[in-house]
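Presented below is the structure to which this report refers.
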Amino acid sequence: QVQLVESGGGLVQPGGSLRLSCISSGNIFSIYNMGWYRQAPGKQRELVATITRGGSTKYADSMKGRFTISRDNAKNWVYLQMNSLKPEDTAVYYCNAVAGRDGVDFWGQGTQVTVSS
């Protein structure tokens, strides 16, 4: 089992920045991919960015150039730096880990990000 806890959400004005953090615990040595997803009201959960244990990253097109995912394997953290935030970035952001031989998904409880003036 893997436990994930996010932090860093909040209210920010358009054009502002936020940094989300996620710490993992439990069977962390089984984790290979980690990532961030988000879910806006009335919409499906969508990919934001993922990062492999080796540091390879993937971003959703609308986040490229604005968001940066990073990972500290030694300290079991994954981060999401979000710049140039827009009102449409408003959502609950979830930390994700893929672990184990069967590639099981684990999720955090989510952190709210609201972009509004």
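Ordering of the structure tokens sets the chain letters (A, B, ...), residue numbers begin anew at 1 in every chain, and ligands are numbered from 1 in the order given.
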Selection near Gly10 of chain A, 10 Å with only C-alpha atoms, sequence-local residues under 4 positions removed, as a PyMOL selection string: chain A and resi 18-20+90+111-115
At a cut-off of 9 Å, using only C-alpha atoms, what residues contact Leu47 of chain A? Leave out same-chain residues fewer than 2 positions from it and give the result as a PyMOL selection string. chain A and resi 35-38+45+49-50+59-60
Please write the residues from the selection above to a file, keeping C-alpha atoms, as a compact mmCIF listing (two decimals), in the first residue's frame.
```
# COMPACT_ATOMS: atom_id res chain seq x y z
CA GLY A 35 1.80 12.37 -11.30
CA TRP A 36 -0.82 15.03 -10.84
CA TYR A 37 -4.39 14.94 -12.10
CA ARG A 38 -7.19 17.43 -11.64
CA ARG A 45 -10.58 13.83 -13.90
CA ALA A 49 1.60 15.79 -15.61
CA THR A 50 3.48 12.60 -14.82
CA TYR A 59 2.38 17.08 -19.64
CA ALA A 60 -1.10 17.72 -20.88
```
Using backbone DSSP assignments, extract all helix (DSSP H, G or I) residues from chain A; output them as a PyMOL selection string. chain A and resi 28-30+61-63+87-89
Residues just named, written with all heavy atoms as a CSV table (one decimal), in the first residue's frame:
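What follows is the written file part01.csv:
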```csv
chain,number,residue,atom,x,y,z
A,28,ILE,N,6.9,2.6,-0.6
A,28,ILE,CA,7.3,3.6,-1.6
A,28,ILE,C,8.3,3.0,-2.6
A,28,ILE,O,8.4,3.5,-3.7
A,28,ILE,CB,8.0,4.8,-0.9
A,28,ILE,CG1,9.2,4.4,0.0
A,28,ILE,CG2,6.9,5.5,-0.1
A,28,ILE,CD1,10.0,5.5,0.5
A,29,PHE,N,9.0,1.9,-2.2
A,29,PHE,CA,10.0,1.3,-3.1
A,29,PHE,C,9.3,0.7,-4.3
A,29,PHE,O,10.0,0.3,-5.3
A,29,PHE,CB,10.9,0.4,-2.4
A,29,PHE,CG,11.7,1.1,-1.3
A,29,PHE,CD1,11.4,0.9,0.0
A,29,PHE,CD2,12.7,1.9,-1.7
A,29,PHE,CE1,12.1,1.6,1.0
A,29,PHE,CE2,13.5,2.6,-0.7
A,29,PHE,CZ,13.2,2.4,0.6
A,30,SER,N,8.0,0.5,-4.2
A,30,SER,CA,7.3,-0.2,-5.3
A,30,SER,C,6.8,0.9,-6.3
A,30,SER,O,6.2,0.5,-7.4
A,30,SER,CB,6.1,-1.0,-4.8
A,30,SER,OG,5.1,-0.1,-4.2
A,61,ASP,N,-1.3,19.1,-22.9
A,61,ASP,CA,-0.9,20.2,-23.8
A,61,ASP,C,-1.2,21.5,-23.2
A,61,ASP,O,-0.4,22.5,-23.3
A,61,ASP,CB,-1.7,20.0,-25.1
A,61,ASP,CG,-1.2,18.9,-26.0
A,61,ASP,OD1,0.0,18.4,-25.7
A,61,ASP,OD2,-1.9,18.5,-26.9
A,62,SER,N,-2.3,21.7,-22.5
A,62,SER,CA,-2.7,23.0,-21.9
A,62,SER,C,-1.8,23.4,-20.8
A,62,SER,O,-1.9,24.6,-20.4
A,62,SER,CB,-4.2,23.0,-21.5
A,62,SER,OG,-4.4,22.0,-20.5
A,63,MET,N,-1.0,22.5,-20.2
A,63,MET,CA,-0.1,22.8,-19.1
A,63,MET,C,1.3,23.0,-19.5
A,63,MET,O,2.1,23.6,-18.7
A,63,MET,CB,-0.2,21.7,-18.0
A,63,MET,CG,-1.5,21.7,-17.2
A,63,MET,SD,-2.8,21.1,-18.2
A,63,MET,CE,-4.0,20.5,-17.1
A,87,PRO,N,-8.2,31.1,-14.7
A,87,PRO,CA,-9.4,30.6,-14.0
A,87,PRO,C,-9.8,29.2,-14.4
A,87,PRO,O,-10.3,28.5,-13.5
A,87,PRO,CB,-10.5,31.6,-14.5
A,87,PRO,CG,-9.7,32.9,-14.7
A,87,PRO,CD,-8.4,32.4,-15.3
A,88,GLU,N,-9.5,28.8,-15.6
A,88,GLU,CA,-9.9,27.4,-16.0
A,88,GLU,C,-9.0,26.4,-15.4
A,88,GLU,O,-9.2,25.2,-15.5
A,88,GLU,CB,-9.8,27.3,-17.5
A,88,GLU,CG,-8.6,27.8,-18.2
A,88,GLU,CD,-8.7,29.2,-18.7
A,88,GLU,OE1,-9.3,30.1,-18.0
A,88,GLU,OE2,-8.2,29.5,-19.8
A,89,ASP,N,-8.0,26.8,-14.6
A,89,ASP,CA,-7.1,25.8,-13.9
A,89,ASP,C,-7.8,25.5,-12.5
A,89,ASP,O,-7.3,24.6,-11.8
A,89,ASP,CB,-5.7,26.4,-13.6
A,89,ASP,CG,-4.9,26.6,-14.9
A,89,ASP,OD1,-5.0,25.7,-15.7
A,89,ASP,OD2,-4.2,27.6,-15.0
```
Show me, as a PyMOL selection string, the residues that have an atom within 9 Å of Glu6 of chain A when counting only C-alpha atoms, minus same-chain residues fewer than 4 positions from it. chain A and resi 20-23+93-95+108-111
How many Å lie between atom CA of Arg53 of chain A and atom CA of Ala40 of chain A, rounded to one decimal?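 Distance between the two atoms: 27.8 Å.
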From a DSSP pass on the backbone, collect the residues of segment 41-111 of chain A flagged as strand (DSSP E or B) and hand them back as a ChimeraX atom specification. /A:46-51,57-59,67-72,77-82,91-99,104-107,111
Env of Leu85 of chain A: 6 Å cut, atoms = only C-alpha atoms, seq-sep filter 2 positions within chain, self excluded. Answer as an NGL selection string. :A and (14-16 or 83)
Using the selection just defined, write its residues with N, CA, C and O atoms as a PDB file, in the first residue's frame.
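Heads up, here's the output in part_21.pdb:
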```
ATOM      1  N   PRO A  14      -5.569  35.325 -11.099  1.00  0.00           N
ATOM      2  CA  PRO A  14      -5.089  34.982 -12.443  1.00  0.00           C
ATOM      3  C   PRO A  14      -3.696  35.552 -12.697  1.00  0.00           C
ATOM      4  O   PRO A  14      -3.407  36.688 -12.336  1.00  0.00           O
ATOM      5  N   GLY A  15      -2.851  34.724 -13.302  1.00  0.00           N
ATOM      6  CA  GLY A  15      -1.470  35.109 -13.541  1.00  0.00           C
ATOM      7  C   GLY A  15      -0.528  34.752 -12.410  1.00  0.00           C
ATOM      8  O   GLY A  15       0.700  34.866 -12.567  1.00  0.00           O
ATOM      9  N   GLY A  16      -1.083  34.321 -11.293  1.00  0.00           N
ATOM     10  CA  GLY A  16      -0.270  33.984 -10.138  1.00  0.00           C
ATOM     11  C   GLY A  16       0.309  32.582 -10.210  1.00  0.00           C
ATOM     12  O   GLY A  16       0.147  31.863 -11.199  1.00  0.00           O
ATOM     13  N   ASN A  83       2.553  28.057 -12.807  1.00  0.00           N
ATOM     14  CA  ASN A  83       2.735  29.485 -13.086  1.00  0.00           C
ATOM     15  C   ASN A  83       1.684  29.947 -14.093  1.00  0.00           C
ATOM     16  O   ASN A  83       1.053  29.135 -14.768  1.00  0.00           O
TER      17      ASN A  83
END
```
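Restricting the calculation to only C-alpha atoms, the smallest distance between Gln1 of chain A and any of A:Gln39, A:Ser24, A:Asn76, A:Thr52 is found for A:Ser24.
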